[in-house]
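Shown next: my_file37.txt, given as compact mmCIF, C-alpha atoms.
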# COMPACT_ATOMS: atom_id res chain seq x y z
CA MET D 1 0.00 0.00 0.00
CA ARG D 2 1.06 3.59 -0.59
CA ILE D 3 0.20 6.70 1.46
CA VAL D 4 0.82 10.15 -0.02
CA LEU D 5 0.44 13.31 2.10
CA PHE D 6 -0.04 16.69 0.44
CA THR D 7 0.76 19.86 2.35
CA GLY D 8 1.62 23.48 1.70
CA LYS D 9 0.74 27.01 2.68
CA GLY D 10 -2.98 27.70 2.68
CA GLY D 11 -4.37 28.52 -0.75
CA VAL D 12 -1.54 27.09 -2.90
CA GLY D 13 -3.65 24.27 -4.38
CA LYS D 14 -2.83 21.22 -2.25
CA THR D 15 -6.46 20.03 -2.26
CA THR D 16 -6.57 20.21 -6.05
CA THR D 17 -3.27 18.35 -6.52
CA ALA D 18 -4.21 15.73 -3.93
CA ALA D 19 -7.56 15.11 -5.64
CA ALA D 20 -5.93 14.96 -9.09
CA THR D 21 -3.35 12.44 -7.82
CA ALA D 22 -6.02 10.25 -6.22
CA LEU D 23 -8.07 10.31 -9.40
CA ARG D 24 -5.03 9.32 -11.48
CA LEU D 25 -4.31 6.37 -9.15
CA ALA D 26 -7.94 5.27 -9.45
CA ASP D 27 -7.84 5.61 -13.26
CA ARG D 28 -4.83 3.27 -13.23
CA GLY D 29 -7.00 0.64 -11.52
CA LEU D 30 -5.81 1.10 -7.92
CA LYS D 31 -8.48 1.14 -5.24
CA THR D 32 -7.83 4.59 -3.83
CA LEU D 33 -9.13 6.53 -0.83
CA LEU D 34 -8.89 10.32 -0.81
CA LEU D 35 -9.32 11.93 2.61
CA SER D 36 -8.89 15.29 4.28
CA THR D 37 -7.44 16.04 7.72
CA ASP D 38 -8.03 19.78 7.27
CA ILE D 39 -10.73 21.13 9.58
CA ALA D 40 -11.68 23.63 6.84
CA HIS D 41 -12.68 20.86 4.43
CA SER D 42 -12.68 21.71 0.72
CA LEU D 43 -12.47 18.23 -0.82
CA ALA D 44 -16.20 18.15 -1.50
CA ASP D 45 -15.92 21.48 -3.32
CA ALA D 46 -12.99 20.30 -5.46
CA LEU D 47 -14.75 17.04 -6.39
CA ALA D 48 -18.14 18.76 -6.80
CA VAL D 49 -19.82 16.06 -4.66
CA ASP D 50 -21.22 15.78 -1.14
CA LEU D 51 -18.95 13.88 1.26
CA PRO D 52 -20.04 12.27 4.55
CA ASP D 53 -17.83 11.06 7.42
CA GLU D 54 -17.64 7.58 5.88
CA PRO D 55 -15.87 6.69 2.60
CA VAL D 56 -18.16 7.03 -0.40
CA GLU D 57 -17.38 6.08 -4.00
CA VAL D 58 -17.15 9.21 -6.15
CA ALA D 59 -15.65 7.66 -9.32
CA ALA D 60 -14.56 4.24 -10.52
CA SER D 61 -12.06 2.86 -7.95
CA LEU D 62 -12.03 6.20 -6.08
CA TRP D 63 -13.54 6.76 -2.63
CA ALA D 64 -13.42 9.98 -0.64
CA VAL D 65 -14.13 11.06 2.93
CA GLN D 66 -13.94 14.19 5.08
CA ILE D 67 -13.07 13.17 8.63
CA ASP D 68 -15.44 14.38 11.36
CA THR D 69 -13.01 14.82 14.23
CA GLN D 70 -15.72 16.08 16.61
CA GLY D 71 -17.72 12.89 16.25
CA ARG D 72 -14.59 10.78 16.67
CA PHE D 73 -13.64 12.76 19.76
CA GLU D 74 -16.98 12.04 21.39
CA ALA D 75 -16.63 8.33 20.59
CA ALA D 76 -12.95 7.83 21.44
CA TRP D 77 -12.56 10.06 24.50
CA ARG D 78 -15.81 9.44 26.36
CA ASP D 79 -14.07 7.73 29.32
CA VAL D 80 -11.44 10.44 29.67
CA GLN D 81 -13.89 13.30 29.24
CA THR D 82 -16.41 11.85 31.70
CA PHE D 83 -13.79 11.70 34.44
CA LEU D 84 -12.61 15.27 33.78
CA VAL D 85 -16.16 16.66 33.65
CA ASP D 86 -17.06 14.94 36.93
CA MET D 87 -13.89 16.24 38.59
CA LEU D 88 -14.62 19.82 37.48
CA ALA D 89 -18.26 19.51 38.56
CA ARG D 90 -17.16 18.54 42.07
CA GLY D 91 -15.12 21.73 42.07
CA GLY D 92 -18.23 23.80 41.38
CA VAL D 93 -17.92 24.19 37.58
CA ASP D 94 -21.26 23.94 35.81
CA PRO D 95 -21.62 20.95 33.41
CA ILE D 96 -21.71 23.03 30.19
CA THR D 97 -18.53 24.92 31.07
CA ALA D 98 -16.85 21.70 32.22
CA ASP D 99 -17.70 20.05 28.91
CA GLU D 100 -16.06 22.93 27.02
CA LEU D 101 -12.98 22.91 29.24
CA THR D 102 -12.34 19.22 28.62
CA VAL D 103 -11.95 19.59 24.85
CA LEU D 104 -8.19 19.03 24.77
CA PRO D 105 -6.01 21.32 22.60
CA GLY D 106 -4.71 19.47 19.55
CA VAL D 107 -7.22 16.63 19.84
CA ASP D 108 -8.41 17.26 16.27
CA GLU D 109 -4.92 16.49 14.95
CA VAL D 110 -4.64 13.35 17.10
CA LEU D 111 -7.98 11.96 15.93
CA ALA D 112 -7.23 12.80 12.30
CA LEU D 113 -4.02 10.76 12.56
CA LEU D 114 -5.83 7.87 14.19
CA ALA D 115 -8.44 7.99 11.43
CA VAL D 116 -5.72 7.72 8.77
CA ARG D 117 -4.27 4.70 10.58
CA GLU D 118 -7.69 3.11 11.04
CA LEU D 119 -8.46 3.41 7.33
CA ALA D 120 -4.99 2.23 6.30
CA VAL D 121 -4.93 -0.95 8.38
CA THR D 122 -8.28 -2.18 7.05
CA GLY D 123 -6.49 -3.45 3.94
CA HIS D 124 -9.35 -2.24 1.73
CA TRP D 125 -7.25 0.25 -0.20
CA ASP D 126 -4.24 0.12 -2.50
CA ALA D 127 -3.46 3.80 -1.92
CA LEU D 128 -4.41 6.56 0.51
CA VAL D 129 -4.05 10.19 -0.57
CA VAL D 130 -4.29 12.67 2.30
CA ASP D 131 -5.12 16.34 1.84
CA CYS D 132 -3.45 17.76 4.95
CA ALA D 133 -4.05 21.05 6.70
CA PRO D 134 -1.76 24.04 5.94
CA THR D 135 1.88 23.51 6.85
CA ALA D 136 1.89 24.71 10.47
CA GLU D 137 -0.99 22.38 11.38
CA THR D 138 0.56 19.55 9.35
CA LEU D 139 3.86 19.81 11.23
CA ARG D 140 2.01 19.65 14.54
CA LEU D 141 0.05 16.70 13.19
CA LEU D 142 3.15 14.76 12.12
CA ALA D 143 5.12 15.59 15.28
CA LEU D 144 2.33 14.39 17.58
CA PRO D 145 2.76 10.59 17.45
CA GLU D 146 6.36 10.59 18.63
CA ALA D 147 5.88 13.39 21.17
CA LEU D 148 2.78 11.90 22.79
CA THR D 149 4.25 8.40 22.75
CA TRP D 150 7.33 9.72 24.57
CA TYR D 151 5.12 11.35 27.21
CA LEU D 152 2.89 8.29 27.65
CA GLU D 153 5.90 5.97 27.96
CA ARG D 154 8.00 8.17 30.26
CA VAL D 155 5.63 10.27 32.40
CA PHE D 156 2.35 8.37 32.32
CA PRO D 157 3.64 5.22 34.16
CA VAL D 158 4.71 7.43 37.09
CA HIS D 159 1.22 8.98 37.29
CA ARG D 160 -0.34 5.53 37.15
CA ARG D 161 1.86 4.17 39.96
CA LEU D 162 1.03 7.20 42.11
CA ALA D 163 -2.68 6.72 41.51
CA ARG D 164 -2.48 3.03 42.44
CA GLY D 165 -0.53 3.84 45.60
CA MET D 166 -2.92 6.60 46.65
CA ARG D 167 -6.15 4.71 45.90
CA PRO D 168 -6.33 2.76 49.23
CA LEU D 169 -5.69 5.93 51.24
CA ALA D 170 -8.21 7.91 49.17
CA HIS D 171 -10.89 5.26 49.81
CA LEU D 172 -10.19 5.35 53.56
CA LEU D 173 -10.67 9.12 53.48
CA GLY D 174 -13.81 8.79 51.39
CA ARG D 175 -12.19 10.56 48.41
CA GLY D 176 -11.67 7.62 46.05
CA GLU D 177 -13.68 9.33 43.31
CA VAL D 178 -11.01 12.02 42.79
CA LEU D 179 -8.49 9.50 41.44
CA PRO D 180 -8.53 8.48 37.77
CA PRO D 181 -10.34 5.17 37.18
CA ASP D 182 -8.62 2.23 35.53
CA THR D 183 -10.73 2.77 32.40
CA LEU D 184 -8.98 6.12 31.88
CA PHE D 185 -5.54 4.52 32.11
CA GLU D 186 -6.63 1.78 29.73
CA ALA D 187 -7.85 4.40 27.24
CA LEU D 188 -4.51 6.18 27.38
CA LEU D 189 -2.61 2.91 26.92
CA ARG D 190 -4.70 2.17 23.83
CA LEU D 191 -3.87 5.66 22.58
CA ASN D 192 -0.16 4.97 23.09
CA ASP D 193 -0.33 1.75 21.06
CA GLU D 194 -2.29 3.42 18.28
CA LEU D 195 0.08 6.40 18.09
CA GLY D 196 3.04 4.04 17.88
CA SER D 197 1.35 2.34 14.95
CA VAL D 198 0.71 5.72 13.29
CA ARG D 199 4.37 6.67 13.66
CA ARG D 200 5.59 3.38 12.17
CA LEU D 201 3.15 3.68 9.27
CA LEU D 202 3.78 7.32 8.34
CA GLY D 203 7.52 7.18 9.07
CA ASP D 204 8.16 4.25 6.72
CA PRO D 205 9.60 5.68 3.46
CA GLU D 206 8.63 2.46 1.67
CA VAL D 207 4.98 3.23 2.39
CA THR D 208 4.56 6.97 2.99
CA SER D 209 5.86 10.10 1.32
CA VAL D 210 5.05 13.79 1.58
CA ARG D 211 4.55 16.19 -1.31
CA LEU D 212 5.07 19.92 -0.95
CA VAL D 213 2.79 22.20 -2.93
CA LEU D 214 3.81 25.84 -3.41
CA THR D 215 3.43 28.80 -5.71
CA PRO D 216 6.53 30.59 -7.11
CA GLU D 217 6.44 33.48 -4.63
CA ALA D 218 9.11 34.49 -2.15
CA VAL D 219 7.04 34.09 1.05
CA VAL D 220 5.45 30.80 -0.02
CA ALA D 221 8.77 29.30 -1.15
CA ALA D 222 10.46 30.35 2.10
CA GLU D 223 7.78 28.56 4.12
CA ALA D 224 8.12 25.48 1.91
CA ARG D 225 11.88 25.37 2.57
CA ARG D 226 11.32 25.57 6.34
CA THR D 227 8.68 22.85 6.08
CA PHE D 228 11.08 20.63 4.13
CA THR D 229 13.65 20.93 6.93
CA ALA D 230 11.08 20.28 9.65
CA LEU D 231 9.70 17.22 7.87
CA ALA D 232 13.22 15.76 7.67
CA LEU D 233 13.73 16.49 11.38
CA TYR D 234 10.58 14.52 12.24
CA GLY D 235 11.58 11.68 9.92
CA TYR D 236 9.17 12.16 7.00
CA ALA D 237 10.43 11.81 3.44
CA VAL D 238 9.47 14.29 0.71
CA ASP D 239 9.46 12.82 -2.81
CA LEU D 240 8.02 15.63 -4.97
CA VAL D 241 7.68 19.42 -5.06
CA ILE D 242 4.78 20.88 -7.05
CA ALA D 243 5.03 24.49 -8.22
CA ASN D 244 1.45 25.56 -8.93
CA ARG D 245 -0.04 28.51 -10.86
CA VAL D 246 2.97 29.28 -13.03
CA PHE D 247 2.24 32.16 -15.44
CA PRO D 248 3.04 31.65 -19.11
CA ALA D 249 4.98 34.42 -20.80
CA GLY D 250 2.50 36.83 -22.43
CA ASP D 251 2.65 39.54 -25.06
CA ASP D 252 1.94 42.46 -22.71
CA ALA D 253 4.41 43.94 -20.22
CA TRP D 254 2.28 43.04 -17.19
CA ARG D 255 2.25 39.30 -17.88
CA GLN D 256 5.89 39.32 -18.96
CA GLY D 257 6.82 40.92 -15.63
CA TRP D 258 4.93 38.30 -13.63
CA ALA D 259 6.39 35.44 -15.68
CA ALA D 260 9.93 36.78 -15.29
CA ALA D 261 9.52 37.21 -11.51
CA GLN D 262 8.16 33.69 -11.14
CA GLN D 263 11.01 32.20 -13.19
CA LYS D 264 13.52 33.72 -10.77
CA HIS D 265 11.73 32.09 -7.86
CA LEU D 266 11.50 28.79 -9.75
CA GLU D 267 15.25 28.79 -10.34
CA ARG D 268 15.88 29.19 -6.62
CA ILE D 269 13.28 26.52 -5.82
CA ARG D 270 15.06 24.03 -8.08
CA GLU D 271 18.37 24.88 -6.42
CA SER D 272 16.91 24.60 -2.91
CA PHE D 273 15.28 21.24 -3.52
CA ALA D 274 18.15 19.81 -5.55
CA GLY D 275 17.73 16.08 -5.93
CA LEU D 276 13.94 16.27 -5.79
CA PRO D 277 11.75 16.51 -8.89
CA VAL D 278 9.98 19.86 -9.21
CA VAL D 279 6.85 19.74 -11.37
CA GLU D 280 5.30 22.96 -12.68
CA LEU D 281 1.55 23.40 -13.13
CA PRO D 282 0.43 26.30 -15.33
CA TYR D 283 -2.00 28.95 -14.16
CA ARG D 284 -5.46 27.91 -15.30
CA PRO D 285 -8.18 30.29 -16.54
CA ALA D 286 -10.70 28.69 -14.14
CA GLU D 287 -10.61 26.69 -10.92
CA PRO D 288 -10.26 22.94 -11.58
CA VAL D 289 -13.52 21.67 -10.08
CA GLY D 290 -14.98 18.28 -10.93
CA MET D 291 -13.59 15.08 -12.40
CA THR D 292 -12.91 16.37 -15.92
CA ALA D 293 -10.87 19.36 -14.75
CA LEU D 294 -9.01 17.25 -12.17
CA ARG D 295 -8.04 14.73 -14.83
CA GLU D 296 -6.54 17.59 -16.84
CA VAL D 297 -4.48 18.58 -13.78
CA ALA D 298 -3.36 14.94 -13.42
CA ASP D 299 -2.22 14.93 -17.07
CA GLU D 300 -0.13 18.04 -16.40
CA LEU D 301 1.33 16.49 -13.25
CA TYR D 302 2.05 12.95 -14.40
CA GLY D 303 1.56 12.92 -18.16
CA PRO D 304 -1.35 11.36 -20.08
CA LEU D 305 -2.46 7.84 -19.25
CA PRO D 306 -0.93 5.34 -18.83
CA GLY D 307 2.04 7.60 -17.99
CA ASP D 308 4.30 7.19 -14.97
CA ASP D 309 3.15 5.78 -11.66
CA PRO D 310 2.02 8.84 -9.65
CA ALA D 311 2.93 7.16 -6.35
CA PRO D 312 5.88 4.78 -6.80
CA ALA D 313 6.94 2.95 -3.66
CA GLY D 314 10.27 3.45 -1.96
CA ARG D 315 11.23 6.87 -3.36
CA GLY D 316 11.90 8.30 0.09
CA THR D 317 15.47 8.89 1.22
CA GLU D 318 17.07 7.61 4.43
CA LEU D 319 16.83 10.45 6.95
CA LEU D 320 18.21 8.82 10.09
CA ARG D 321 20.94 6.22 10.43
CA VAL D 322 23.51 4.92 12.90
CA GLU D 323 26.91 3.84 11.65
CA GLN D 324 30.18 2.62 13.17
CA VAL D 325 33.44 4.43 12.39
CA GLY D 326 36.44 2.72 13.93
CA SER D 327 35.86 2.44 17.67
CA GLU D 328 33.13 5.09 17.65
CA PHE D 329 29.52 5.29 16.53
CA ALA D 330 27.75 8.15 14.76
CA LEU D 331 24.08 9.08 14.68
CA CYS D 332 23.36 10.94 11.43
CA LEU D 333 20.19 12.98 10.90
CA ALA D 334 19.46 14.69 7.57
CA LEU D 335 18.45 18.35 7.99
CA PRO D 336 18.33 19.79 4.45
CA LEU D 337 18.18 23.59 4.07
CA ALA D 338 18.67 24.14 7.82
CA GLU D 339 20.66 27.19 8.93
CA ARG D 340 23.72 26.28 10.97
CA ALA D 341 22.83 28.78 13.71
CA ASP D 342 19.37 27.20 14.13
CA VAL D 343 20.60 23.66 14.78
CA ASP D 344 21.09 22.54 18.37
CA ALA D 345 21.18 19.16 20.09
CA VAL D 346 21.59 17.96 23.65
CA ARG D 347 21.65 14.52 25.22
CA VAL D 348 19.44 13.99 28.26
CA GLY D 349 19.57 10.51 29.69
CA ASP D 350 18.68 8.04 26.95
CA ASP D 351 17.29 10.75 24.65
CA LEU D 352 18.83 13.11 22.12
CA ILE D 353 16.85 16.34 21.84
CA VAL D 354 17.36 17.99 18.44
CA THR D 355 16.11 21.52 17.82
CA VAL D 356 15.95 23.30 14.47
CA GLY D 357 14.52 26.80 14.82
CA PRO D 358 11.07 26.47 16.41
CA ASN D 359 10.87 22.69 15.83
CA ARG D 360 12.07 20.08 18.28
CA ARG D 361 12.30 16.28 18.23
CA VAL D 362 13.12 13.94 21.10
CA LEU D 363 14.96 10.91 19.72
CA THR D 364 15.17 7.84 21.95
CA LEU D 365 18.69 6.53 21.46
CA PRO D 366 19.11 2.92 20.31
CA SER D 367 20.53 0.61 22.97
CA VAL D 368 24.02 0.58 21.45
CA LEU D 369 24.29 4.38 21.93
CA ARG D 370 22.86 4.42 25.44
CA ARG D 371 26.04 2.67 26.59
CA CYS D 372 28.19 5.42 25.09
CA THR D 373 29.17 8.95 25.96
CA VAL D 374 28.96 11.83 23.51
CA ALA D 375 32.29 12.46 21.78
CA GLY D 376 31.24 15.48 19.72
CA GLY D 377 29.09 16.59 16.85
CA GLN D 378 28.91 18.83 13.84
CA PHE D 379 26.47 20.07 11.21
CA ASP D 380 27.76 20.38 7.64
CA GLY D 381 24.80 22.26 6.20
CA ARG D 382 22.79 19.16 5.28
CA GLU D 383 23.34 16.57 8.00
CA LEU D 384 23.77 16.61 11.76
CA ARG D 385 26.35 14.05 12.85
CA VAL D 386 26.69 13.20 16.55
CA ARG D 387 29.62 10.97 17.56
CA PHE D 388 29.43 8.51 20.46
CA ARG D 389 32.30 6.78 22.25
CA PRO D 390 31.75 3.53 24.23
CA ASP D 391 31.65 4.20 27.97
CA PRO D 392 34.13 1.85 29.74
CA GLU D 393 31.88 1.75 32.82
CA ARG D 394 28.91 0.56 30.77
CA TRP D 395 30.99 -1.49 28.33
CA PRO D 396 33.59 -3.49 30.26
CA ALA D 397 36.84 -4.40 28.53
CA GLY D 398 36.57 -7.56 26.46
CA THR D 399 32.81 -7.23 25.96
CA ALA D 400 31.73 -7.58 22.32
CA ARG D 401 30.33 -4.38 20.88
CA PRO D 402 27.26 -5.04 18.74
CA ARG D 403 26.84 -3.45 15.34
CA PRO D 404 24.51 -0.44 15.49
CA ARG D 405 21.02 -0.74 14.08
CA PRO D 406 19.38 2.07 12.07
CA GLY D 407 16.72 4.05 13.84
CA PRO D 408 16.19 5.87 16.61
CA GLY D 409 22.52 10.67 30.09
CA THR D 410 23.57 13.85 31.49
CA GLY D 411 22.21 16.91 29.74
CA ARG D 412 25.30 17.27 27.60
CA ARG D 413 25.13 19.50 24.55
CA VAL D 414 26.49 17.97 21.37
CA GLN D 415 25.85 20.75 18.85
CA GLY D 416 26.07 24.34 19.93
CA LYS D 417 24.23 26.97 17.98
CA GLY D 418 26.38 28.28 15.19
CA GLY D 419 29.27 25.90 15.76
CA GLU D 420 30.52 22.41 16.45
CA ALA D 421 30.15 20.71 19.76
CA GLY D 422 32.88 20.28 22.22
CA GLY D 423 34.29 16.83 22.94

Please go through the file and, once you have read it, give me the structure as structure tokens.
Amino acid sequence: MRIVLFTGKGGVGKTTTAAATALRLADRGLKTLLLSTDIAHSLADALAVDLPDEPVEVAASLWAVQIDTQGRFEAAWRDVQTFLVDMLARGGVDPITADELTVLPGVDEVLALLAVRELAVTGHWDALVVDCAPTAETLRLLALPEALTWYLERVFPVHRRLARGMRPLAHLLGRGEVLPPDTLFEALLRLNDELGSVRRLLGDPEVTSVRLVLTPEAVVAAEARRTFTALALYGYAVDLVIANRVFPAGDDAWRQGWAAAQQKHLERIRESFAGLPVVELPYRPAEPVGMTALREVADELYGPLPGDDPAPAGRGTELLRVEQVGSEFALCLALPLAERADVDAVRVGDDLIVTVGPNRRVLTLPSVLRRCTVAGGQFDGRELRVRFRPDPERWPAGTARPRPRPGPGTGRRVQGKGGEAGG
């Protein structure tokens, strides 16, 4: 199965390109599902059909759905919300206000991710094409599985042990109802398992890739470059850049000026995303709405049928690896287009916290690196490389050192801002 995520700044045409790609996959005979995780749904408008919260067939081999995160919230979080509402009510908060206060920030993104996983694991589809929210929301969406899993695995067990230890005392004092019930813990454990599955699914470059949609404008292209870096930080592979609404050169000075300005931006876009294909879509005289217009967009993107496969498997690049160099190990993380001064990393216990500008990722170190100390690190403009040296206290002399496996203490910084790390 293939999963393709489309993202970009709001208004650049990601819904159109996602719909055109899904339609092309369906026209090639693949059973395809097109879905939207954007709260401001526009898929129905692009397809010129009504879409419910369940997949509906809109063309031969093509199904589409707009995810109702509110309905899924009420179904999936009833146990958690009931406990929180009751706790607030005992504190004197009226039920309506308590209900509003228990709508957790970011829950829409979580449930949208879980919906993608739920639809993917059914095995009903050959391809899923996801029209994501604008870039800022998409980055939050894609960073959530790893971040929440880290919290649920590291902090949540402590809370659960405290609750179990306090429950007998609370019952003796007649206050047992203030402690979270076991059903709440079980719901959170299910969430942890499901988020881990989401991360494995979307982080597998053999299955999932991301496509950046932009228009040849300075502000839009700058945001796309930052998004490209952030996606690499979080471990998501980009396999295509789509430059939409490119003006053809005209006879009058006004159109010639626009075309010339866009060509300058396109040249820089090609340089920035070197190694990635950049496909240009011309500016159309009317919005591409409906199946006929979307098929024309697909022809411009991928060529006329049969044409190339619009979603070939395994085009993603390796973003994170661990390798052995002599007696040391190195963790290498691709960070294309990152500014040297924005890159920072610090080891805390068994985690490596990597920050690029406003984006941060907590990487759990593989076991082979947990038994090492940090020897240094550097960023060469495209890749962060952190070196690890076996710790004699954790790795006694004569003990065999296993080969590192790809994938993912002390508070020691390994990459200072604007320069290399110390030893």

**Message:** Neighbouring residues of region 7-17 of chain D were defined as those with any atom within 8 Å, considering only C-alpha atoms; residues of the same chain fewer than 6 positions away were excluded. Please report them as a PyMOL selection string.
**Reply:** chain D and resi 42-43+46+131-135+138+210-215+220+223-224+244+288+294+297-298

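Between Ile353 (chain D) and the residues D:Leu233, D:Val56, D:Ala286, D:Val65, the shortest atom-to-atom distance, using all atoms listed in the file, involves D:Leu233.
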
**Prompt:** Which is closer to Asn359 (chain D) than all the others in D:Phe228, D:Phe6, D:Tyr302, D:Tyr283, using all atoms listed in the file?
**Reply:**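 Answer, going by the shortest atom-to-atom distance: D:Phe228.
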
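The closest residue to Leu276 (chain D), picked from D:Leu240, D:Ala249, D:Leu384, D:Ala334 and counting only C-alpha atoms, is D:Leu240.
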
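Take the candidates D:Ala221, D:Val322, D:Ala59, D:Leu301 and check each one against Gly29 (chain D) using only C-alpha atoms; the shortest distance goes to D:Ala59.
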
Find the residues near Ser272 (chain D): any atom within 9 Å, counting all atoms listed in the file, skip ones fewer than 2 places away on the same chain, and give them as an mmCIF file with C-alpha atoms, in the coordinates of the input.
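Saved result, around.cif, follows:
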data_model
loop_
_atom_site.group_PDB
_atom_site.id
_atom_site.type_symbol
_atom_site.label_atom_id
_atom_site.label_comp_id
_atom_site.auth_asym_id
_atom_site.auth_seq_id
_atom_site.Cartn_x
_atom_site.Cartn_y
_atom_site.Cartn_z
ATOM 1 C CA ARG D 225 11.880 25.370 2.570
ATOM 2 C CA GLU D 267 15.250 28.790 -10.340
ATOM 3 C CA ARG D 268 15.880 29.190 -6.620
ATOM 4 C CA ILE D 269 13.280 26.520 -5.820
ATOM 5 C CA ARG D 270 15.060 24.030 -8.080
ATOM 6 C CA ALA D 274 18.150 19.810 -5.550
ATOM 7 C CA PRO D 336 18.330 19.790 4.450
ATOM 8 C CA LEU D 337 18.180 23.590 4.070
#
